[in-house]
Amino acid sequence: MSDLETYRSTARAWLESVAPTFGRDARVGLSVEDDLALGRRYQRAKFDAGYAGINWPVDVGGQGLTHIEKLAFDTEEMVFGMPGGYFGISLGMPVPILIRFGADKDFMKERVLKALKGEEIWCQLFSEPAGGSDLAGLRTRAEVDGNGWKLNGQKLWTSWAQYCDYGVIVARTDPTVPKHKGLTYYWVDMKAPGVDVRPIKLAGGDSHVNEVFFDDVRLEDSQRMSPVGGGFAVAMTTLMIERYIATDSGGFGPHIDEFVDLARHTDLNGKPAIEDGRIRSTIARNYAMRSGLESITTRAMLMMRAGMEPGAEGSLNKLVAVRSRQKLSELALDLMGNSGFAFDAHASVKTDWAASWINAPTGRIAGGADEMLLNTIAERILGLPQDHRPDKGVPFNAIPA
Amino acid sequence: MSILYDEGQRAIASESRRVLDARMDKARLLALLEQTGKYDQPFWDTVVEQGWTGIGIAEDHGGLGLGLIELGLVAQACGAATSGAPFLTSGYGVASALQGGSNADAAALWLPKLAAGEATAAIAFAEGSAPLPLVAATPFIDGKLSGTKNGVAGGLTADVALVWASVDGQPVLVLAELSGATRSAVDSFDNSRLYADLAFAGTPAVVIAQGPVAHALAMDVMARVAVIAAHEQVGGAEALMLTARDYALTRRAFGQPIGAFQSVKHRIAELYGLVEIARANCIHAAALEGVCGISGPGFVTAAAAARISATEAYDTAARDCVQVHGGIGVTWEAGLHLHMRRARSLAIEAGNLFFWEDVLVNELQGQAA
């Protein structure tokens with residue numbers, strides 16, 4: 001066995017050992033608060049077992065391994081339905097940025113350790129009512145206030161903000177220059193006076209995203225993590241930190257096997273649905289597409305192990321897989337017919353077709369809308385021209401509203 | 001399994017592409033469309049000269065002893081160039097049956113000729129609209145074939161054909177010299193494929209495999225040919241995607257390159273996705289050869305996935321590349337219809353989508369049982 005395979009099997013064994021305590025079955029029926037508490041205990045268990053901060057430097061509490069071990073662990077972990085989602089963003093983007101750009105190293109180390117242990121959670125305050133795909137169009141402003149800054153404005157779609165202790169935020173510090181050039185990056189204390197977090201109930205019934213209002217919130221200059229006007233570059237670094245995250249070809253919904261299983265056990269015109277040509281065709285095409293994505297991911301792993309940069313085709317995964325999940329979920333519900341109306345808002349999107357269906361649109365918007373991903377492929381990979389952008393080079397405060 | 005191409009394989013890919021780029025001629029291919037029974041001799045001469053006919057044949061039989069990965073890369077280059085003859089794929093399919101079958105004499109006789117490009121071979125499995133009928137309506141009695149096989153690619157000029165037949169209701173794979181058959185040319189939408197209806201009337205043939213193993217071997221040949229065809233389809237689809245991209249960069253309308261319009265650029269970006277997914281499936285399938293042996297379930301499943309995604313990629317690319325070109329795309333001279341025609345002929349030749357969807361779901365059902 002290679003070192004990586006040994007690492008993988010050791011990780012799997014550990015995950016199996018804690019799955020009865022933290023896994024999918026242990027979470028059934030828990031309130032969000034209880035599930036979060038369980039999640040904090042799980043994160044602590046990961047920390048104690050050496051599975052937190054796998055690819056982070058040892059001197060900040062990480063394990064000093066590579067992205068490959070991290071991916072291997074995450075891939076194994078996905079199977080168990082562990083309560084790790086609350087920490088995904090926190091440890092995925094804001095905290096690594098703090099490690100890199102935080103000015104006060106003692107403060108940074110203290111925060112990183114608490115985040116790794118699940119004691120503190122960080123959110124990422126990027127999107128706004130007027131800036132989602134067009135991130136640089138954001139309007140939250142930070143103005144000079146004595147030796148620090150004063151923050152005013154509104155953020156939107158901030159995941160888990162209601163449970164967060166800290167966040168990273170991009171704000172406009174100069175509206176008189178073109179939009180990308182007037183932004184600055186800070187961290188913010190989510191418990192500070194003037195911060196107001198309001199959960200938003202999503203279509204599926206859950207409320208993991210929020211709108212966050214900032215009313216004269218005081219920021220020290222030590223909370224600044226980019227040069228003044230250099231915030232966009234740091235925000236881009238954030239988004240590029242982990243291009244190859246652990247992913248599954250099911251688009252974060254049910255595996256194709258679940259559909260095959262459903263089709264075997266559901267009647268269509270008096271026969272198992274899997275004998276129906278329409279169903280067979282759907283299964284075959286989805287399987288072919290998903291197996292292609294899996295092969296792309298496998299090759300990316302091989303490239304990383306060989307010290308090569310993975311191919312650009314990795315950017316297809318979310319785009320293709322989530323669309324497929326959405327349609328397959330619709331079809332699964334249709335297949336169940338009148339026996340498929342039951343709905344549990346808290347069911348797992350990995351095993352429940354209704355939950356997968358109602359939450360699928362989020363997957364096509366969050367983390368890069370389909371249209372933005374297609375733009376990226378067209379422009380970055382194929383060299384096609386950028387869209388017509390009337391605001392290009394125009395000072396932010398001169399862009400027509 | 002998936003692999004990264006090694007240095008030798010990358011060299012095969014770039015060299016085959018270079019040679020074909022230098023020697024293929026669109027005007028020549030266009031002219032062939034209007035002639036029945038003619039193929040592109042310069043293309044086939046190139047294939048033979050480059051030794052591609054020997055890639056999938058063991059060194060003992062005069063081949064290069066390489067496999068699906070290498071032949072797939074060459075097929076990809078052929079697909080990009082809309083190859084001028086069908087024999088590379090069918091010859092490989094017949095050679096793989098000879099190598100996997102139980103007739104050492106036939107193998108010793110034909111493999112060196114196929115490897116050297118001295119003989120060409122066709123695959124005659126289909127009957128009517130069925131790519132591989134459960135029981136062939138082509139009887140094989142006392143060493144002689146009768147009955148007909150329709151639409152056999154390469155059938156018009158091939159020296160020899162691998163025929164899916166039956167003896168006493170049992171499947172049998174036989175090899176027949178086509179000098180003993182009557183061939184009727186099919187005047188087709190893709191004439192350089194040399195489609196012919198073959199009529200056997202007491203045509204002598206030799207057994208390559210018989211009984212259940214004949215079916216397993218026939219499926220293995222289908223799967224291997226499907227993987228090669230899928231590579232060829234990926235090559236064609238990628239060429240069309242890049243042609244669309246290049247045209248969208250140069251053609252201007254409403255004061256900007258048409259590639260700046262999302263309706264155009266997203267169409268091309270979607271093609272990129274289809275091509276890369278199909279390519280990934282092709283690599284995965286090609287790398288499984290030999291690991292699973294003849295008709296290993298993993299190989300057939302992977303071949304089906306490659307075939308389905310490659311057919312979808314090439315079909316969509318053919319449609320959308322013409323669409324991006326607008327009026328010029330539908331002219332004879334622009335030649336995009338060479339790919340449009342080839343997308344269709346390749347989609348059918350190596351077993352159509354209905355066939356491979358059923359094969360794939362049957363495999364998944366088997367695995368889930």
# chains A, B, ... in the order shown; residues from 1 in each chain; ligands from 1

call {"tool": "closest_atom_pairs", "arguments": {"of": "chain B", "to": "chain A", "cutoff": "7 Å", "atoms": "only C-alpha atoms", "output": "JSON lines"}}
result
{"residue": "B:Ser2", "atom": "CA", "partner": "A:Ser295", "partner_atom": "CA", "distance": 6.1}
{"residue": "B:Ile3", "atom": "CA", "partner": "A:Arg299", "partner_atom": "CA", "distance": 6.4}
{"residue": "B:Leu4", "atom": "CA", "partner": "A:Arg299", "partner_atom": "CA", "distance": 6.6}
{"residue": "B:Leu249", "atom": "CA", "partner": "A:Leu384", "partner_atom": "CA", "distance": 6.5}
{"residue": "B:Gly259", "atom": "CA", "partner": "A:Leu384", "partner_atom": "CA", "distance": 5.8}
{"residue": "B:Ala260", "atom": "CA", "partner": "A:Pro385", "partner_atom": "CA", "distance": 4.9}
{"residue": "B:Phe261", "atom": "CA", "partner": "A:Asp387", "partner_atom": "CA", "distance": 6.6}
{"residue": "B:Lys265", "atom": "CA", "partner": "A:Ala378", "partner_atom": "CA", "distance": 5.9}
{"residue": "B:His266", "atom": "CA", "partner": "A:Leu374", "partner_atom": "CA", "distance": 5.7}
{"residue": "B:Ala269", "atom": "CA", "partner": "A:Ala378", "partner_atom": "CA", "distance": 5.1}
{"residue": "B:Gly273", "atom": "CA", "partner": "A:Leu316", "partner_atom": "CA", "distance": 6.3}
{"residue": "B:Glu276", "atom": "CA", "partner": "A:Glu313", "partner_atom": "CA", "distance": 6.5}
{"residue": "B:Ile277", "atom": "CA", "partner": "A:Gly292", "partner_atom": "CA", "distance": 4.6}
{"residue": "B:Ala278", "atom": "CA", "partner": "A:Gly292", "partner_atom": "CA", "distance": 6.3}
{"residue": "B:Ala280", "atom": "CA", "partner": "A:Gly292", "partner_atom": "CA", "distance": 5.2}
{"residue": "B:Asn281", "atom": "CA", "partner": "A:Gly292", "partner_atom": "CA", "distance": 4.8}
{"residue": "B:His284", "atom": "CA", "partner": "A:Ser295", "partner_atom": "CA", "distance": 6.4}
{"residue": "B:Ala305", "atom": "CA", "partner": "A:Ala288", "partner_atom": "CA", "distance": 4.3}
{"residue": "B:Ala306", "atom": "CA", "partner": "A:Ala288", "partner_atom": "CA", "distance": 6.9}
{"residue": "B:Ile308", "atom": "CA", "partner": "A:Ala288", "partner_atom": "CA", "distance": 6.5}
{"residue": "B:Ser309", "atom": "CA", "partner": "A:Ala288", "partner_atom": "CA", "distance": 5.9}
{"residue": "B:Glu357", "atom": "CA", "partner": "A:Ala284", "partner_atom": "CA", "distance": 5.2}
{"residue": "B:Asp358", "atom": "CA", "partner": "A:Arg280", "partner_atom": "CA", "distance": 6.9}
{"residue": "B:Leu360", "atom": "CA", "partner": "A:Ala284", "partner_atom": "CA", "distance": 6.1}
{"residue": "B:Val361", "atom": "CA", "partner": "A:Ala284", "partner_atom": "CA", "distance": 6.1}

call {"tool": "select_by_dssp", "arguments": {"residues": "region 110-194 of chain A", "states": "helix (DSSP H, G or I)", "output": "PyMOL selection string"}}
result
chain A and resi 110-116+135-137+161-163+179-182

call {"tool": "select_by_dssp", "arguments": {"residues": "region 165-309 of chain B", "states": "strand (DSSP E or B)", "output": "count of residues only"}}
result
35

call {"tool": "residues_around", "arguments": {"residues": "region 208-212 of chain B", "least_positions_apart": "4", "cutoff": "6 Å", "atoms": "only C-alpha atoms", "output": "PDB file with N, CA, C and O atoms, in the first residue's frame"}}
result
ATOM      1  N   GLY B 101      -9.792 -15.197 -29.617  1.00  0.00           N
ATOM      2  CA  GLY B 101     -10.532 -16.390 -30.009  1.00  0.00           C
ATOM      3  C   GLY B 101      -9.688 -17.653 -29.920  1.00  0.00           C
ATOM      4  O   GLY B 101      -8.592 -17.653 -29.348  1.00  0.00           O
ATOM      5  N   SER B 102     -10.201 -18.725 -30.489  1.00  0.00           N
ATOM      6  CA  SER B 102      -9.527 -20.015 -30.301  1.00  0.00           C
ATOM      7  C   SER B 102      -9.031 -20.611 -31.627  1.00  0.00           C
ATOM      8  O   SER B 102      -8.773 -21.796 -31.718  1.00  0.00           O
ATOM      9  N   ASN B 103      -8.935 -19.782 -32.662  1.00  0.00           N
ATOM     10  CA  ASN B 103      -8.483 -20.310 -33.946  1.00  0.00           C
ATOM     11  C   ASN B 103      -7.068 -19.800 -34.248  1.00  0.00           C
ATOM     12  O   ASN B 103      -6.869 -18.736 -34.824  1.00  0.00           O
ATOM     13  N   GLN B 170     -27.169 -21.716 -31.774  1.00  0.00           N
ATOM     14  CA  GLN B 170     -26.082 -21.273 -30.892  1.00  0.00           C
ATOM     15  C   GLN B 170     -25.259 -20.198 -31.600  1.00  0.00           C
ATOM     16  O   GLN B 170     -25.046 -20.279 -32.811  1.00  0.00           O
ATOM     17  N   PRO B 171     -24.785 -19.182 -30.840  1.00  0.00           N
ATOM     18  CA  PRO B 171     -23.984 -18.149 -31.493  1.00  0.00           C
ATOM     19  C   PRO B 171     -22.616 -18.673 -31.934  1.00  0.00           C
ATOM     20  O   PRO B 171     -22.044 -19.561 -31.297  1.00  0.00           O
ATOM     21  N   VAL B 172     -22.156 -18.119 -33.020  1.00  0.00           N
ATOM     22  CA  VAL B 172     -20.821 -18.464 -33.493  1.00  0.00           C
ATOM     23  C   VAL B 172     -20.212 -17.243 -34.179  1.00  0.00           C
ATOM     24  O   VAL B 172     -20.909 -16.472 -34.843  1.00  0.00           O
ATOM     25  N   LEU B 173     -18.935 -17.022 -33.909  1.00  0.00           N
ATOM     26  CA  LEU B 173     -18.211 -15.944 -34.584  1.00  0.00           C
ATOM     27  C   LEU B 173     -17.317 -16.589 -35.623  1.00  0.00           C
ATOM     28  O   LEU B 173     -16.506 -17.462 -35.291  1.00  0.00           O
ATOM     29  N   VAL B 174     -17.493 -16.162 -36.877  1.00  0.00           N
ATOM     30  CA  VAL B 174     -16.682 -16.776 -37.938  1.00  0.00           C
ATOM     31  C   VAL B 174     -15.968 -15.692 -38.740  1.00  0.00           C
ATOM     32  O   VAL B 174     -16.368 -14.525 -38.734  1.00  0.00           O
TER      33      VAL B 174
END

call {"tool": "closest_residue", "arguments": {"among": "A:Leu335, A:Val209, A:Leu116, A:Leu156", "to": "Arg278 (chain A)", "atoms": "only C-alpha atoms"}}
result
A:Leu335

call {"tool": "atom_distance", "arguments": {"atom1": "CA of Leu333 (chain A)", "atom2": "CA of Ala321 (chain A)"}}
result
18.3 Å

call {"tool": "residues_around", "arguments": {"residues": "Pro133 (chain B)", "least_positions_apart": "3", "cutoff": "12 Å", "atoms": "only C-alpha atoms", "output": "list of chain:residue names"}}
result
B:Ala124, B:Phe125, B:Ala126, B:Glu127, B:Gly128, B:Ser129, B:Ala130, B:Ala136, B:Ala137, B:Thr138, B:Lys149, B:Val163, B:Trp164, B:Ala165, B:Ser166, B:Pro171, B:His215, B:Ala218, B:Met219, B:Gly351, B:Phe355

call {"tool": "closest_residue", "arguments": {"among": "B:Gly366, B:Gly93, B:Gly255, B:Gly236", "to": "His337 (chain B)", "atoms": "only C-alpha atoms"}}
result
B:Gly236

call {"tool": "closest_residue", "arguments": {"among": "B:Gly235, B:Pro131, B:Gly62, B:Gly72", "to": "Ala107 (chain B)", "atoms": "only C-alpha atoms"}}
result
B:Gly62

call {"tool": "atom_distance", "arguments": {"atom1": "CA of Asn269 (chain A)", "atom2": "CA of Ala342 (chain A)"}}
result
22.3 Å

call {"tool": "residues_around", "arguments": {"residues": "Gly85 (chain A)", "least_positions_apart": "5", "cutoff": "12 Å", "atoms": "only C-alpha atoms", "output": "MDAnalysis selection string"}}
result
chainID A and resid 32 35:36 38:40 42:43 74 77:78 90:92 118 121 159:160 208

call {"tool": "residues_around", "arguments": {"residues": "Pro199 (chain A)", "least_positions_apart": "2", "cutoff": "12 Å", "atoms": "only C-alpha atoms", "output": "PyMOL selection string"}}
result
chain A and resi 155-163+196-197+201-202+205-213

call {"tool": "write_last_selection", "arguments": {"atoms": "N, CA, C and O atoms", "output": "PDB file, in the first residue's frame"}}
result
ATOM      1  N   LYS A 155     -24.756  42.989   4.057  1.00  0.00           N
ATOM      2  CA  LYS A 155     -24.303  41.798   3.335  1.00  0.00           C
ATOM      3  C   LYS A 155     -25.467  40.811   3.245  1.00  0.00           C
ATOM      4  O   LYS A 155     -26.418  40.887   4.036  1.00  0.00           O
ATOM      5  N   LEU A 156     -25.354  39.872   2.292  1.00  0.00           N
ATOM      6  CA  LEU A 156     -26.474  38.963   2.051  1.00  0.00           C
ATOM      7  C   LEU A 156     -25.962  37.556   1.731  1.00  0.00           C
ATOM      8  O   LEU A 156     -24.862  37.418   1.193  1.00  0.00           O
ATOM      9  N   TRP A 157     -26.765  36.552   2.022  1.00  0.00           N
ATOM     10  CA  TRP A 157     -26.448  35.138   1.752  1.00  0.00           C
ATOM     11  C   TRP A 157     -25.245  34.662   2.565  1.00  0.00           C
ATOM     12  O   TRP A 157     -24.532  33.766   2.147  1.00  0.00           O
ATOM     13  N   THR A 158     -25.020  35.270   3.731  1.00  0.00           N
ATOM     14  CA  THR A 158     -23.860  34.881   4.524  1.00  0.00           C
ATOM     15  C   THR A 158     -24.155  33.583   5.280  1.00  0.00           C
ATOM     16  O   THR A 158     -24.990  33.565   6.184  1.00  0.00           O
ATOM     17  N   SER A 159     -23.474  32.516   4.888  1.00  0.00           N
ATOM     18  CA  SER A 159     -23.753  31.204   5.469  1.00  0.00           C
ATOM     19  C   SER A 159     -23.327  31.152   6.930  1.00  0.00           C
ATOM     20  O   SER A 159     -22.220  31.573   7.272  1.00  0.00           O
ATOM     21  N   TRP A 160     -24.205  30.613   7.789  1.00  0.00           N
ATOM     22  CA  TRP A 160     -23.959  30.337   9.209  1.00  0.00           C
ATOM     23  C   TRP A 160     -23.625  31.598  10.015  1.00  0.00           C
ATOM     24  O   TRP A 160     -23.149  31.488  11.142  1.00  0.00           O
ATOM     25  N   ALA A 161     -23.849  32.796   9.480  1.00  0.00           N
ATOM     26  CA  ALA A 161     -23.462  34.014  10.204  1.00  0.00           C
ATOM     27  C   ALA A 161     -24.084  34.057  11.591  1.00  0.00           C
ATOM     28  O   ALA A 161     -23.495  34.589  12.535  1.00  0.00           O
ATOM     29  N   GLN A 162     -25.289  33.469  11.739  1.00  0.00           N
ATOM     30  CA  GLN A 162     -25.970  33.538  13.044  1.00  0.00           C
ATOM     31  C   GLN A 162     -25.219  32.778  14.130  1.00  0.00           C
ATOM     32  O   GLN A 162     -25.480  32.966  15.306  1.00  0.00           O
ATOM     33  N   TYR A 163     -24.296  31.900  13.709  1.00  0.00           N
ATOM     34  CA  TYR A 163     -23.520  31.140  14.704  1.00  0.00           C
ATOM     35  C   TYR A 163     -22.052  31.575  14.734  1.00  0.00           C
ATOM     36  O   TYR A 163     -21.235  30.962  15.411  1.00  0.00           O
ATOM     37  N   ASP A 196     -25.857  43.286  13.073  1.00  0.00           N
ATOM     38  CA  ASP A 196     -27.182  42.701  13.246  1.00  0.00           C
ATOM     39  C   ASP A 196     -27.375  41.577  12.222  1.00  0.00           C
ATOM     40  O   ASP A 196     -27.380  41.819  11.023  1.00  0.00           O
ATOM     41  N   VAL A 197     -27.496  40.354  12.735  1.00  0.00           N
ATOM     42  CA  VAL A 197     -27.609  39.181  11.851  1.00  0.00           C
ATOM     43  C   VAL A 197     -29.059  38.699  11.814  1.00  0.00           C
ATOM     44  O   VAL A 197     -29.651  38.456  12.855  1.00  0.00           O
ATOM     45  N   LYS A 201     -35.032  32.529   5.712  1.00  0.00           N
ATOM     46  CA  LYS A 201     -35.580  31.197   5.476  1.00  0.00           C
ATOM     47  C   LYS A 201     -35.561  30.926   3.974  1.00  0.00           C
ATOM     48  O   LYS A 201     -36.094  31.706   3.188  1.00  0.00           O
ATOM     49  N   LEU A 202     -34.935  29.830   3.592  1.00  0.00           N
ATOM     50  CA  LEU A 202     -34.855  29.499   2.168  1.00  0.00           C
ATOM     51  C   LEU A 202     -36.048  28.633   1.743  1.00  0.00           C
ATOM     52  O   LEU A 202     -36.794  28.136   2.579  1.00  0.00           O
ATOM     53  N   GLY A 205     -37.000  25.531   3.502  1.00  0.00           N
ATOM     54  CA  GLY A 205     -37.458  25.619   4.886  1.00  0.00           C
ATOM     55  C   GLY A 205     -36.347  25.845   5.893  1.00  0.00           C
ATOM     56  O   GLY A 205     -36.596  26.226   7.022  1.00  0.00           O
ATOM     57  N   ASP A 206     -35.095  25.616   5.487  1.00  0.00           N
ATOM     58  CA  ASP A 206     -33.976  25.813   6.406  1.00  0.00           C
ATOM     59  C   ASP A 206     -33.444  27.243   6.310  1.00  0.00           C
ATOM     60  O   ASP A 206     -33.727  27.957   5.348  1.00  0.00           O
ATOM     61  N   SER A 207     -32.684  27.641   7.323  1.00  0.00           N
ATOM     62  CA  SER A 207     -32.177  29.012   7.393  1.00  0.00           C
ATOM     63  C   SER A 207     -30.686  29.026   7.678  1.00  0.00           C
ATOM     64  O   SER A 207     -30.261  29.471   8.725  1.00  0.00           O
ATOM     65  N   HIS A 208     -29.889  28.551   6.737  1.00  0.00           N
ATOM     66  CA  HIS A 208     -28.451  28.584   7.009  1.00  0.00           C
ATOM     67  C   HIS A 208     -27.794  29.848   6.467  1.00  0.00           C
ATOM     68  O   HIS A 208     -26.636  30.098   6.719  1.00  0.00           O
ATOM     69  N   VAL A 209     -28.533  30.647   5.721  1.00  0.00           N
ATOM     70  CA  VAL A 209     -27.970  31.920   5.238  1.00  0.00           C
ATOM     71  C   VAL A 209     -28.641  33.097   5.941  1.00  0.00           C
ATOM     72  O   VAL A 209     -29.724  32.964   6.497  1.00  0.00           O
ATOM     73  N   ASN A 210     -27.963  34.242   5.871  1.00  0.00           N
ATOM     74  CA  ASN A 210     -28.416  35.415   6.626  1.00  0.00           C
ATOM     75  C   ASN A 210     -28.214  36.688   5.835  1.00  0.00           C
ATOM     76  O   ASN A 210     -27.414  36.732   4.907  1.00  0.00           O
ATOM     77  N   GLU A 211     -28.941  37.732   6.269  1.00  0.00           N
ATOM     78  CA  GLU A 211     -28.518  39.067   5.885  1.00  0.00           C
ATOM     79  C   GLU A 211     -27.867  39.682   7.121  1.00  0.00           C
ATOM     80  O   GLU A 211     -28.282  39.420   8.249  1.00  0.00           O
ATOM     81  N   VAL A 212     -26.817  40.442   6.899  1.00  0.00           N
ATOM     82  CA  VAL A 212     -26.065  41.001   8.015  1.00  0.00           C
ATOM     83  C   VAL A 212     -25.958  42.508   7.817  1.00  0.00           C
ATOM     84  O   VAL A 212     -25.492  42.966   6.770  1.00  0.00           O
ATOM     85  N   PHE A 213     -26.428  43.267   8.818  1.00  0.00           N
ATOM     86  CA  PHE A 213     -26.401  44.735   8.734  1.00  0.00           C
ATOM     87  C   PHE A 213     -25.269  45.280   9.596  1.00  0.00           C
ATOM     88  O   PHE A 213     -25.023  44.793  10.704  1.00  0.00           O
TER      89      PHE A 213
END

call {"tool": "residues_around", "arguments": {"residues": "Gly167 (chain A)", "least_positions_apart": "6", "cutoff": "10 Å", "atoms": "only C-alpha atoms", "output": "list of chain:residue names"}}
result
A:Ser90, A:Pro94, A:Val95, A:Ile121, A:Trp122, A:Cys123, A:Gln124, A:Leu125, A:Phe126, A:Thr158, A:Ala161, A:Tyr186, A:Trp187, A:Val188, A:Asp189, A:Met190

call {"tool": "closest_residue", "arguments": {"among": "B:Arg193, B:Arg267, B:Arg279, B:Lys144", "to": "Val234 (chain B)", "atoms": "only C-alpha atoms"}}
result
B:Arg279

call {"tool": "atom_distance", "arguments": {"atom1": "CA of Asn150 (chain B)", "atom2": "CA of Ile123 (chain B)"}}
result
11.0 Å
